[in-house]
file run_8.cif (mmCIF, C-alpha atoms and all ligand atoms)
data_work
loop_
_atom_site.label_atom_id
_atom_site.label_comp_id
_atom_site.auth_asym_id
_atom_site.auth_seq_id
_atom_site.Cartn_x
_atom_site.Cartn_y
_atom_site.Cartn_z
CA MET A 1 -6.46 -28.03 -1.98
CA ALA A 2 -5.10 -26.98 1.39
CA THR A 3 -6.71 -23.78 2.64
CA GLU A 4 -4.25 -20.98 3.27
CA LYS A 5 -3.87 -19.95 6.88
CA GLU A 6 -5.20 -16.50 7.71
CA ILE A 7 -2.53 -13.83 8.12
CA VAL A 8 -1.97 -12.13 11.46
CA VAL A 9 0.18 -9.06 12.22
CA SER A 10 0.98 -7.24 15.44
CA GLY A 11 3.78 -5.05 16.79
CA ILE A 12 5.21 -3.71 20.03
CA ARG A 13 7.20 -0.49 20.40
CA PRO A 14 10.70 -0.82 21.90
CA THR A 15 10.07 2.05 24.30
CA GLY A 16 10.85 0.27 27.56
CA TYR A 17 10.13 -2.79 29.63
CA LEU A 18 7.15 -4.96 28.70
CA HIS A 19 4.36 -5.09 31.25
CA LEU A 20 1.24 -7.06 32.14
CA GLY A 21 -0.85 -5.04 29.70
CA ASN A 22 1.42 -5.96 26.81
CA TYR A 23 1.31 -9.58 27.93
CA PHE A 24 -2.44 -9.96 28.40
CA GLY A 25 -3.49 -7.47 25.72
CA ALA A 26 -1.18 -8.77 23.03
CA ILE A 27 1.45 -11.44 23.66
CA ARG A 28 -0.83 -14.05 25.23
CA ASN A 29 -2.85 -13.97 22.03
CA TYR A 30 0.29 -14.18 19.89
CA VAL A 31 1.26 -17.37 21.67
CA ARG A 32 -2.07 -19.01 20.96
CA MET A 33 -2.34 -17.68 17.44
CA GLN A 34 1.03 -19.05 16.41
CA GLU A 35 -0.53 -22.53 16.39
CA GLU A 36 -3.37 -21.65 13.99
CA PHE A 37 -2.37 -18.71 11.83
CA ASN A 38 0.35 -17.40 9.57
CA CYS A 39 1.82 -14.91 12.04
CA TYR A 40 3.99 -11.84 11.56
CA PHE A 41 5.07 -10.21 14.82
CA PHE A 42 7.46 -7.29 14.89
CA VAL A 43 9.31 -4.82 17.06
CA ALA A 44 8.09 -1.39 15.97
CA ASP A 45 11.33 0.57 16.13
CA TRP A 46 10.27 3.31 13.67
CA HIS A 47 7.16 3.90 15.74
CA SER A 48 9.24 4.36 18.88
CA LEU A 49 11.07 7.33 17.33
CA THR A 50 7.92 9.45 17.58
CA THR A 51 8.32 9.57 21.35
CA HIS A 52 11.67 7.93 22.25
CA PRO A 53 14.32 9.17 19.82
CA ASP A 54 17.39 8.18 21.86
CA PRO A 55 20.01 6.15 19.94
CA LYS A 56 21.56 5.12 23.24
CA ASP A 57 18.47 3.14 24.30
CA LEU A 58 17.19 1.74 21.03
CA PRO A 59 19.30 -1.40 20.44
CA GLY A 60 18.95 -2.59 24.03
CA ASN A 61 15.22 -2.01 24.03
CA VAL A 62 14.78 -3.89 20.75
CA MET A 63 16.72 -6.90 22.04
CA ARG A 64 14.82 -6.94 25.34
CA VAL A 65 11.42 -6.79 23.66
CA LEU A 66 12.44 -9.73 21.47
CA ALA A 67 13.71 -11.68 24.47
CA GLU A 68 10.58 -10.97 26.49
CA ASN A 69 8.33 -12.09 23.65
CA ILE A 70 10.19 -15.36 23.25
CA ALA A 71 10.33 -15.86 27.03
CA SER A 72 6.54 -15.45 27.08
CA GLY A 73 6.17 -18.41 24.74
CA LEU A 74 6.53 -17.03 21.23
CA ASP A 75 8.30 -19.57 19.03
CA PRO A 76 10.43 -18.04 16.23
CA GLU A 77 10.23 -21.34 14.39
CA LYS A 78 6.47 -20.93 14.10
CA VAL A 79 6.13 -17.20 13.46
CA SER A 80 7.99 -14.55 11.57
CA LEU A 81 9.54 -12.35 14.27
CA TYR A 82 11.23 -9.26 12.85
CA VAL A 83 12.16 -5.63 13.34
CA GLN A 84 10.11 -3.06 11.44
CA SER A 85 13.12 -1.15 10.05
CA ASP A 86 14.40 -4.33 8.37
CA ILE A 87 11.47 -4.09 5.94
CA PRO A 88 12.09 -1.00 3.76
CA GLU A 89 8.97 -1.87 1.72
CA ILE A 90 6.95 -0.59 4.68
CA ALA A 91 8.50 2.87 4.31
CA GLU A 92 7.57 3.07 0.63
CA LEU A 93 4.00 1.94 1.14
CA TYR A 94 3.74 4.40 4.03
CA LEU A 95 4.69 7.22 1.64
CA LEU A 96 2.07 6.07 -0.85
CA MET A 97 -0.61 5.64 1.82
CA ASN A 98 0.03 9.13 3.19
CA MET A 99 -1.48 10.45 -0.04
CA LEU A 100 -4.78 8.86 0.98
CA ALA A 101 -4.78 10.08 4.59
CA TYR A 102 -6.36 13.43 5.43
CA VAL A 103 -4.67 15.77 7.89
CA GLY A 104 -8.07 16.57 9.39
CA GLU A 105 -8.84 12.97 10.31
CA LEU A 106 -5.35 12.41 11.71
CA GLU A 107 -5.57 15.51 13.91
CA LYS A 108 -8.77 14.16 15.47
CA VAL A 109 -7.24 10.86 16.67
CA PRO A 110 -7.39 10.77 20.50
CA THR A 111 -3.91 9.21 20.88
CA PHE A 112 -2.48 12.09 18.81
CA LYS A 113 -4.22 14.64 21.03
CA ASP A 114 -2.83 12.83 24.11
CA LYS A 115 0.70 13.03 22.75
CA VAL A 116 0.33 16.73 21.94
CA ARG A 117 -0.54 17.22 25.58
CA LEU A 118 2.29 15.00 26.83
CA GLN A 119 5.10 16.30 24.61
CA PRO A 120 4.16 19.80 23.41
CA GLN A 121 7.82 20.48 22.62
CA ASN A 122 7.93 17.64 20.10
CA VAL A 123 4.73 17.42 18.07
CA ASN A 124 6.45 15.82 15.09
CA ALA A 125 4.81 14.79 11.83
CA GLY A 126 5.55 11.14 12.69
CA LEU A 127 3.13 11.43 15.61
CA LEU A 128 0.43 12.76 13.32
CA THR A 129 0.90 10.03 10.74
CA TYR A 130 1.38 7.23 13.28
CA PRO A 131 -1.95 5.58 12.33
CA VAL A 132 -0.88 5.55 8.67
CA LEU A 133 2.37 3.74 9.44
CA MET A 134 0.56 1.35 11.74
CA SER A 135 -2.01 0.63 9.04
CA VAL A 136 0.75 -0.07 6.55
CA ASP A 137 2.48 -2.48 8.96
CA ILE A 138 -0.72 -4.50 8.88
CA LEU A 139 -1.87 -4.02 5.29
CA ILE A 140 1.49 -4.75 3.70
CA GLN A 141 1.29 -8.32 5.00
CA ARG A 142 -2.40 -8.44 3.98
CA ALA A 143 -3.36 -9.41 7.50
CA VAL A 144 -6.95 -10.03 8.51
CA LYS A 145 -6.52 -10.34 12.27
CA VAL A 146 -4.56 -8.07 14.60
CA PRO A 147 -4.12 -9.10 18.24
CA VAL A 148 -3.96 -5.81 20.18
CA GLY A 149 -5.18 -4.30 23.43
CA LYS A 150 -8.18 -2.03 23.70
CA ASP A 151 -6.06 1.12 23.35
CA GLN A 152 -5.45 0.24 19.69
CA GLY A 153 -9.09 -0.27 18.69
CA GLN A 154 -9.43 3.09 17.00
CA HIS A 155 -6.18 2.69 15.06
CA LEU A 156 -7.54 -0.54 13.65
CA GLU A 157 -10.64 1.26 12.47
CA MET A 158 -8.38 3.67 10.61
CA ALA A 159 -6.50 0.76 9.02
CA ARG A 160 -9.84 -0.47 7.66
CA ASN A 161 -10.63 3.02 6.33
CA PHE A 162 -7.31 3.30 4.54
CA ALA A 163 -7.71 -0.20 3.09
CA GLN A 164 -11.18 0.71 1.81
CA ARG A 165 -10.01 4.01 0.39
CA PHE A 166 -7.10 2.42 -1.44
CA ASN A 167 -9.28 -0.39 -2.78
CA ALA A 168 -11.96 2.06 -3.95
CA ARG A 169 -9.51 4.36 -5.69
CA TYR A 170 -7.09 1.87 -7.23
CA GLY A 171 -8.63 -1.60 -7.13
CA ASP A 172 -8.90 -4.43 -4.65
CA LEU A 173 -5.68 -5.14 -2.84
CA PHE A 174 -6.09 -5.02 0.92
CA PRO A 175 -8.35 -7.11 3.17
CA GLU A 176 -9.92 -5.13 6.03
CA PRO A 177 -8.21 -6.16 9.27
CA VAL A 178 -10.01 -6.55 12.59
CA ALA A 179 -8.68 -6.30 16.15
CA PHE A 180 -8.55 -9.70 17.79
CA ASN A 181 -8.65 -11.21 21.25
CA TYR A 182 -9.47 -14.80 22.20
CA GLY A 183 -11.90 -13.59 24.85
CA ASP A 184 -15.01 -11.59 24.01
CA ASN A 185 -13.54 -8.14 24.45
CA LEU A 186 -10.28 -6.37 23.85
CA ILE A 187 -8.27 -6.14 27.05
CA ARG A 188 -7.16 -3.10 29.00
CA ILE A 189 -5.04 -3.54 32.12
CA GLN A 190 -5.42 -0.53 34.36
CA SER A 191 -2.44 0.89 36.24
CA LEU A 192 -2.22 0.12 39.96
CA ASP A 193 -2.94 3.72 40.96
CA GLY A 194 -6.10 3.73 38.88
CA LYS A 195 -4.80 6.51 36.65
CA GLY A 196 -4.87 5.28 33.07
CA LYS A 197 -3.56 2.04 31.64
CA MET A 198 -0.33 0.25 32.46
CA SER A 199 2.25 1.54 30.05
CA LYS A 200 5.88 1.17 29.05
CA SER A 201 6.57 4.85 29.03
CA GLU A 202 4.31 6.29 31.74
CA ASN A 203 3.28 5.40 35.28
CA GLU A 204 6.39 3.39 36.14
CA PHE A 205 5.51 2.60 39.77
CA ALA A 206 1.93 1.71 38.97
CA THR A 207 2.87 -0.74 36.22
CA LEU A 208 3.97 -4.35 36.72
CA TYR A 209 6.81 -5.22 34.35
CA LEU A 210 7.77 -8.69 33.19
CA ALA A 211 11.31 -7.81 34.36
CA ASP A 212 10.33 -6.81 37.92
CA GLU A 213 12.09 -8.69 40.72
CA ASP A 214 9.93 -10.60 43.23
CA GLN A 215 10.23 -8.08 46.02
CA LEU A 216 9.36 -5.15 43.77
CA ILE A 217 6.24 -6.96 42.53
CA ARG A 218 5.10 -7.47 46.12
CA GLU A 219 5.81 -3.85 47.04
CA LYS A 220 4.00 -2.42 44.02
CA LEU A 221 0.93 -4.49 44.81
CA LYS A 222 1.07 -3.57 48.48
CA LYS A 223 0.85 0.09 47.46
CA ALA A 224 -1.92 -0.50 44.90
CA LYS A 225 -4.93 1.71 45.39
CA THR A 226 -7.86 0.21 47.32
CA ASP A 227 -10.87 1.94 48.77
CA SER A 228 -11.81 0.95 52.29
CA GLY A 229 -14.63 -1.60 52.51
CA THR A 230 -18.00 0.11 52.79
CA GLY A 231 -19.34 -2.29 55.41
CA VAL A 232 -22.63 -2.21 53.56
CA ILE A 233 -23.55 -5.50 52.00
CA GLY A 234 -24.57 -5.16 48.37
CA SER A 235 -22.68 -1.91 47.76
CA PRO A 236 -21.19 -1.62 44.28
CA MET A 237 -17.54 -2.58 43.92
CA PRO A 238 -15.26 0.43 43.53
CA GLU A 239 -13.05 0.49 40.42
CA SER A 240 -9.84 0.03 42.43
CA VAL A 241 -11.09 -3.24 43.93
CA ALA A 242 -12.45 -4.43 40.60
CA ASN A 243 -9.03 -3.80 39.05
CA LEU A 244 -7.32 -5.98 41.65
CA LEU A 245 -9.89 -8.70 41.14
CA ASP A 246 -9.33 -8.48 37.39
CA LEU A 247 -5.62 -9.06 37.96
CA MET A 248 -6.45 -12.01 40.22
CA LYS A 249 -8.59 -13.50 37.48
CA LEU A 250 -5.51 -13.48 35.25
CA VAL A 251 -2.94 -15.04 37.60
CA SER A 252 -4.70 -16.64 40.58
CA THR A 253 -6.67 -19.88 40.83
CA PRO A 254 -10.48 -19.74 40.45
CA ASP A 255 -11.04 -20.58 44.11
CA VAL A 256 -8.88 -17.65 45.22
CA VAL A 257 -10.89 -15.33 42.97
CA GLN A 258 -14.13 -16.78 44.31
CA PHE A 259 -12.95 -16.33 47.89
CA TYR A 260 -12.27 -12.62 47.42
CA GLU A 261 -15.44 -12.06 45.42
CA ASN A 262 -17.40 -13.57 48.30
CA ALA A 263 -15.38 -11.56 50.81
CA TRP A 264 -16.37 -8.37 49.00
CA ASN A 265 -20.00 -9.41 48.77
CA ASN A 266 -20.31 -10.05 52.51
CA GLN A 267 -17.94 -7.18 53.37
CA THR A 268 -15.44 -9.31 55.26
CA ILE A 269 -12.71 -8.44 52.75
CA ARG A 270 -9.23 -7.60 54.08
CA PHE A 271 -7.38 -5.70 51.41
CA LYS A 272 -3.99 -6.33 52.96
CA ASP A 273 -4.49 -10.10 52.65
CA MET A 274 -5.91 -9.74 49.18
CA LYS A 275 -2.89 -7.78 47.98
CA GLU A 276 -0.45 -10.20 49.62
CA GLN A 277 -2.16 -13.14 47.96
CA LEU A 278 -2.13 -11.37 44.61
CA GLY A 279 1.55 -10.51 45.18
CA GLU A 280 2.46 -14.18 45.62
CA ASP A 281 0.45 -15.30 42.61
CA MET A 282 1.92 -12.51 40.52
CA VAL A 283 5.46 -13.50 41.50
CA LYS A 284 4.72 -17.08 40.43
CA PHE A 285 3.50 -15.80 37.09
CA ILE A 286 6.22 -13.24 36.32
CA ALA A 287 9.38 -14.88 37.72
CA PRO A 288 9.77 -17.66 35.10
CA ILE A 289 9.27 -15.22 32.21
CA ARG A 290 11.74 -12.76 33.75
CA GLU A 291 14.44 -15.38 34.25
CA LYS A 292 14.04 -16.83 30.75
CA ALA A 293 14.19 -13.34 29.23
CA LYS A 294 17.43 -12.63 31.11
CA ASP A 295 19.04 -15.75 29.65
CA LEU A 296 17.89 -14.87 26.15
CA GLN A 297 19.23 -11.34 26.45
CA ASN A 298 22.66 -12.79 27.09
CA ASN A 299 22.39 -14.70 23.84
CA THR A 300 22.38 -11.86 21.32
CA ASP A 301 23.73 -14.10 18.56
CA TYR A 302 20.57 -16.17 18.78
CA LEU A 303 18.31 -13.09 18.82
CA LYS A 304 20.07 -11.67 15.77
CA LYS A 305 19.61 -14.95 13.92
CA VAL A 306 15.91 -14.90 14.78
CA ILE A 307 15.28 -11.41 13.40
CA LYS A 308 17.29 -12.04 10.26
CA ALA A 309 15.23 -15.10 9.42
CA GLY A 310 12.02 -13.29 10.41
CA ALA A 311 12.83 -10.32 8.20
CA GLU A 312 13.51 -12.51 5.19
CA LYS A 313 10.04 -13.99 5.26
CA ALA A 314 8.30 -10.71 6.13
CA ARG A 315 10.16 -8.86 3.37
CA ALA A 316 9.28 -11.38 0.72
CA ASN A 317 5.59 -11.11 1.55
CA ALA A 318 5.71 -7.30 1.84
CA ALA A 319 7.53 -6.94 -1.47
CA GLN A 320 4.72 -8.73 -3.29
CA THR A 321 2.10 -6.39 -1.85
CA LEU A 322 4.17 -3.31 -2.59
CA GLN A 323 4.72 -4.37 -6.19
CA GLU A 324 0.99 -4.83 -6.61
CA ALA A 325 0.28 -1.44 -5.00
CA ARG A 326 2.74 0.28 -7.35
CA ARG A 327 1.16 -1.38 -10.35
CA LEU A 328 -2.36 -0.37 -9.32
CA ILE A 329 -1.26 3.22 -8.68
CA GLY A 330 0.39 3.38 -12.09
CA ILE A 331 4.00 3.43 -10.98
CA LYS A 332 5.28 1.14 -13.70
CA TYR A 333 7.16 2.78 -16.55
CA TYR A 334 9.26 0.05 -18.07
P1 LIG A 401 4.02 3.06 25.09
O1 LIG A 401 3.62 3.69 26.38
O2 LIG A 401 5.46 3.26 24.76
O3 LIG A 401 3.11 3.37 23.93
P2 LIG A 401 2.58 0.64 25.53
O4 LIG A 401 2.66 -0.02 26.85
O5 LIG A 401 1.35 1.40 25.20
O6 LIG A 401 3.89 1.48 25.37
P3 LIG A 401 2.68 -0.47 22.85
O7 LIG A 401 3.98 -0.91 22.28
O8 LIG A 401 2.13 0.84 22.41
O9 LIG A 401 2.79 -0.53 24.45
O10 LIG A 401 1.60 -1.59 22.57
C1 LIG A 401 1.94 -2.97 22.42
C2 LIG A 401 0.70 -3.82 22.56
O11 LIG A 401 0.30 -3.88 23.95
C3 LIG A 401 -0.52 -3.28 21.83
O12 LIG A 401 -1.21 -4.38 21.28
C4 LIG A 401 -1.34 -2.61 22.90
O13 LIG A 401 -2.71 -2.61 22.58
C5 LIG A 401 -1.05 -3.52 24.10
N1 LIG A 401 -1.20 -2.79 25.37
C6 LIG A 401 -0.45 -1.77 25.81
N2 LIG A 401 -0.84 -1.39 27.04
C7 LIG A 401 -1.88 -2.19 27.39
C8 LIG A 401 -2.71 -2.30 28.55
N3 LIG A 401 -2.52 -1.55 29.62
N4 LIG A 401 -3.68 -3.26 28.56
C9 LIG A 401 -3.87 -4.07 27.49
N5 LIG A 401 -3.12 -4.02 26.36
C10 LIG A 401 -2.12 -3.09 26.30
MG MG A 402 1.22 2.53 23.34
#

call {"tool": "encode", "arguments": {"input": "run_8.cif", "output": "C-alpha cells"}}
result
Amino acid sequence: MATEKEIVVSGIRPTGYLHLGNYFGAIRNYVRMQEEFNCYFFVADWHSLTTHPDPKDLPGNVMRVLAENIASGLDPEKVSLYVQSDIPEIAELYLLMNMLAYVGELEKVPTFKDKVRLQPQNVNAGLLTYPVLMSVDILIQRAVKVPVGKDQGQHLEMARNFAQRFNARYGDLFPEPVAFNYGDNLIRIQSLDGKGKMSKSENEFATLYLADEDQLIREKLKKAKTDSGTGVIGSPMPESVANLLDLMKLVSTPDVVQFYENAWNNQTIRFKDMKEQLGEDMVKFIAPIREKAKDLQNNTDYLKKVIKAGAEKARANAAQTLQEARRLIGIKYY
C-alpha cells in the first residue's frame, strides 16, 4: 500500500510586499516541500483584517502575494494554493475552537502584547484570538509540518496545545503540528537597521522586498547599519556585521562569504566594498523573481483559476475534518 504523504500547511498575510524574511523563512521551504509532501499554502486574508482592514488594498495585496509565491518557484500544479476566506469551514472550526481557548493564555502571547503597543486604538478581539484562527488553519487540514519563520514558533506551540486539548476532551482528531525548516533552526531575517525583523508592515526602508528595483536594493544596502571595524584582531563580531554576513550566506557564493569572514578576522574589512558586493548579489537574486511576479500580476485570469482550483481541494479536505469535529462535539441531531 502506498504511504500517504504527510500534510503541510502554511500561510502569508496579504498586508504588503513580500520580503527576504518571507522568502527565506517560509517560501524557500514551500518550494522544496512541494516535491515531497501534500502541501496546502494559503493567503491569510482574514488574518490581515486584524491590522490592515482597508478594502481598497486587499484584492491587490492578495493577488501580489499569490504572484510573488509563484514567481519564487511555487507550482500550483503541485500544491493547493488558496485564499483563506474561500474556506468557510475554517470559520466554523474557529468558532468551535474558541471554546477551548482561555482568554488568560491569549492575553499573554507576546505578539498580542506587541500589537497592543503598536495599535492601542484598535485592540480588536481578532487580534486576541489570532493564535486560535492560525491553529485552525493548520489543524483543519490535519497538517503535521508547518514551514514558518522563527517569529511564529510560539503560535505553533499554541496550535499543539489546542490540538491536545480538543483530543483530550472530545477524542482523537488532530495531529500535533511542528514548525519546520530544512536547516537546523527556524530562520529570522533581521532588518537592515538592526531594529527587529524584516516585516511587511513595519520598517519599510530597512526591509528588502522581492519587488524592489535594482537601484533601491543597492541604496538600502548601502545605508545598512555597520559598526566601524575595531582594528583589534579577534574581537567579537558586532550584530550589524553578522547580519550582513548572514545575508551574504543566503545570496552570495561561498568564496565571497569566506573572503569577508577572513577580512573581519584580520580586520582588513571594508564595509563599503562588502555592502556593494552584497548589493550586486542581492540584485541578481531578487530581479528574476520581481520580473516574473510582475508578469503574473498582469495575468489575473490565471491567478483566479489557480485559487479556485486550490480552494476546491482545500475545502474538500477541511470539510471532512469539520464534519468529524462536529460529530465528536455532539453537534449531530438528525
Ligand atoms: P506582517 O508584518 O504584516 O505580520 P510579516 O512580514 O510578519 O508581515 P507574515 O505574513 O506575518 O509576514 O508571515 C509570513 C511568513 O513569513 C511566516 O512564516 C513568518 O514566520 C515568515 N517571516 C516573516 N518575517 C520574517 C523574517 N524577518 N524572517 C524570517 N521569517 C519571517
Ligand atoms: Mg507577521

call {"tool": "residues_near_ligand", "arguments": {"input": "run_8.cif", "ligand": "ligand LIG 401 (chain A)", "cutoff": "9 Å", "atoms": "all atoms listed in the file", "output": "MDAnalysis selection string"}}
result
chainID A and resid 10:27 43:44 47:48 51:52 146:153 186:191 196:202 207

call {"tool": "residues_around", "arguments": {"input": "run_8.cif", "residues": "Gln141 (chain A)", "least_positions_apart": "6", "cutoff": "8 Å", "atoms": "only C-alpha atoms", "output": "number ranges by chain"}}
result
A: 7, 9, 40, 314, 317-318, 321

call {"tool": "closest_residue", "arguments": {"input": "run_8.cif", "among": "A:Pro88, A:Pro55, A:Pro120, A:Pro131", "to": "ligand MG 402 (chain A)", "atoms": "only C-alpha atoms and all ligand atoms"}}
result
A:Pro131

call {"tool": "residues_around", "arguments": {"input": "run_8.cif", "residues": "region 91-103 of chain A", "least_positions_apart": "5", "cutoff": "7 Å", "atoms": "all atoms listed in the file", "output": "PyMOL selection string"}}
result
chain A and resi 132-133+136+322

call {"tool": "atom_distance", "arguments": {"input": "run_8.cif", "atom1": "CA of Tyr260 (chain A)", "atom2": "CA of Glu213 (chain A)"}}
result
25.6 Å

call {"tool": "residues_near_point", "arguments": {"input": "run_8.cif", "point": "(-17.6, -7.1, 46.2)", "cutoff": "9 Å", "atoms": "only C-alpha atoms", "output": "PyMOL selection string"}}
result
chain A and resi 229+233-238+241-242+260-267+269

call {"tool": "closest_residue", "arguments": {"input": "run_8.cif", "among": "A:Asp114, A:Glu105, A:Glu4, A:Asp75", "to": "ligand MG 402 (chain A)", "atoms": "only C-alpha atoms and all ligand atoms"}}
result
A:Asp114

call {"tool": "atom_distance", "arguments": {"input": "run_8.cif", "atom1": "CA of Met158 (chain A)", "atom2": "CA of Ser135 (chain A)"}}
result
7.2 Å

call {"tool": "closest_residue", "arguments": {"input": "run_8.cif", "among": "A:Val306, A:Ala211, A:Val109, A:Leu49", "to": "Ile289 (chain A)", "atoms": "all atoms listed in the file"}}
result
A:Ala211

call {"tool": "atom_distance", "arguments": {"input": "run_8.cif", "atom1": "CA of Glu219 (chain A)", "atom2": "CA of Lys294 (chain A)"}}
result
21.6 Å

call {"tool": "closest_residue", "arguments": {"input": "run_8.cif", "among": "A:Leu192, A:Ala224, A:Met282, A:Val178", "to": "Thr253 (chain A)", "atoms": "all atoms listed in the file"}}
result
A:Met282

call {"tool": "residues_around", "arguments": {"input": "run_8.cif", "residues": "region 327-332 of chain A", "least_positions_apart": "4", "cutoff": "10 Å", "atoms": "only C-alpha atoms", "output": "PDB file with C-alpha atoms, keeping the file's coordinate frame"}}
result
ATOM      1  CA  LEU A  96       2.070   6.070  -0.850  1.00  0.00           C
ATOM      2  CA  PHE A 166      -7.100   2.420  -1.440  1.00  0.00           C
ATOM      3  CA  ASN A 167      -9.280  -0.390  -2.780  1.00  0.00           C
ATOM      4  CA  ARG A 169      -9.510   4.360  -5.690  1.00  0.00           C
ATOM      5  CA  TYR A 170      -7.090   1.870  -7.230  1.00  0.00           C
ATOM      6  CA  GLY A 171      -8.630  -1.600  -7.130  1.00  0.00           C
ATOM      7  CA  ASP A 172      -8.900  -4.430  -4.650  1.00  0.00           C
ATOM      8  CA  LEU A 173      -5.680  -5.140  -2.840  1.00  0.00           C
ATOM      9  CA  THR A 321       2.100  -6.390  -1.850  1.00  0.00           C
ATOM     10  CA  LEU A 322       4.170  -3.310  -2.590  1.00  0.00           C
ATOM     11  CA  GLN A 323       4.720  -4.370  -6.190  1.00  0.00           C
TER      12      GLN A 323
END

call {"tool": "residues_near_point", "arguments": {"input": "run_8.cif", "point": "(-1.0, 14.5, 21.6)", "cutoff": "12 Å", "atoms": "all atoms listed in the file", "output": "PyMOL selection string"}}
result
chain A and resi 50-51+106-130

call {"tool": "axis_aligned_box", "arguments": {"input": "run_8.cif", "around": "region 295-304 of chain A", "padding_each_side": "6 Å", "output": "JSON"}}
result
{"center_x": 20.8, "center_y": -13.8, "center_z": 22.7, "size_x": 17.8, "size_y": 16.8, "size_z": 25.9}

call {"tool": "residues_around", "arguments": {"input": "run_8.cif", "residues": "region 272-276 of chain A", "least_positions_apart": "4", "cutoff": "8 Å", "atoms": "only C-alpha atoms", "output": "list in words"}}
result
Arg218, Leu221, Lys222, Ala224, Leu244, Tyr260 and Glu280 of chain A

call {"tool": "closest_residue", "arguments": {"input": "run_8.cif", "among": "A:Ala316, A:Asn61, A:Met134, A:Lys220", "to": "ligand MG 402 (chain A)", "atoms": "all atoms listed in the file"}}
result
A:Met134

call {"tool": "residues_around", "arguments": {"input": "run_8.cif", "residues": "Met63 (chain A)", "least_positions_apart": "4", "cutoff": "12 Å", "atoms": "only C-alpha atoms", "output": "CSV table (one decimal) with C-alpha atoms, in the coordinates of the input"}}
result
chain,number,residue,atom,x,y,z
A,13,ARG,CA,7.2,-0.5,20.4
A,14,PRO,CA,10.7,-0.8,21.9
A,15,THR,CA,10.1,2.0,24.3
A,16,GLY,CA,10.8,0.3,27.6
A,17,TYR,CA,10.1,-2.8,29.6
A,18,LEU,CA,7.2,-5.0,28.7
A,42,PHE,CA,7.5,-7.3,14.9
A,43,VAL,CA,9.3,-4.8,17.1
A,44,ALA,CA,8.1,-1.4,16.0
A,45,ASP,CA,11.3,0.6,16.1
A,57,ASP,CA,18.5,3.1,24.3
A,58,LEU,CA,17.2,1.7,21.0
A,59,PRO,CA,19.3,-1.4,20.4
A,67,ALA,CA,13.7,-11.7,24.5
A,68,GLU,CA,10.6,-11.0,26.5
A,69,ASN,CA,8.3,-12.1,23.6
A,70,ILE,CA,10.2,-15.4,23.2
A,81,LEU,CA,9.5,-12.4,14.3
A,82,TYR,CA,11.2,-9.3,12.8
A,83,VAL,CA,12.2,-5.6,13.3
A,293,ALA,CA,14.2,-13.3,29.2
A,294,LYS,CA,17.4,-12.6,31.1
A,295,ASP,CA,19.0,-15.8,29.6
A,296,LEU,CA,17.9,-14.9,26.2
A,297,GLN,CA,19.2,-11.3,26.4
A,298,ASN,CA,22.7,-12.8,27.1
A,299,ASN,CA,22.4,-14.7,23.8
A,300,THR,CA,22.4,-11.9,21.3
A,301,ASP,CA,23.7,-14.1,18.6
A,302,TYR,CA,20.6,-16.2,18.8
A,303,LEU,CA,18.3,-13.1,18.8
A,304,LYS,CA,20.1,-11.7,15.8
A,305,LYS,CA,19.6,-15.0,13.9
A,306,VAL,CA,15.9,-14.9,14.8
A,307,ILE,CA,15.3,-11.4,13.4

call {"tool": "closest_residue", "arguments": {"input": "run_8.cif", "among": "A:Ser252, A:Ser240, A:Gln320, A:Gln215", "to": "Glu89 (chain A)", "atoms": "only C-alpha atoms"}}
result
A:Gln320
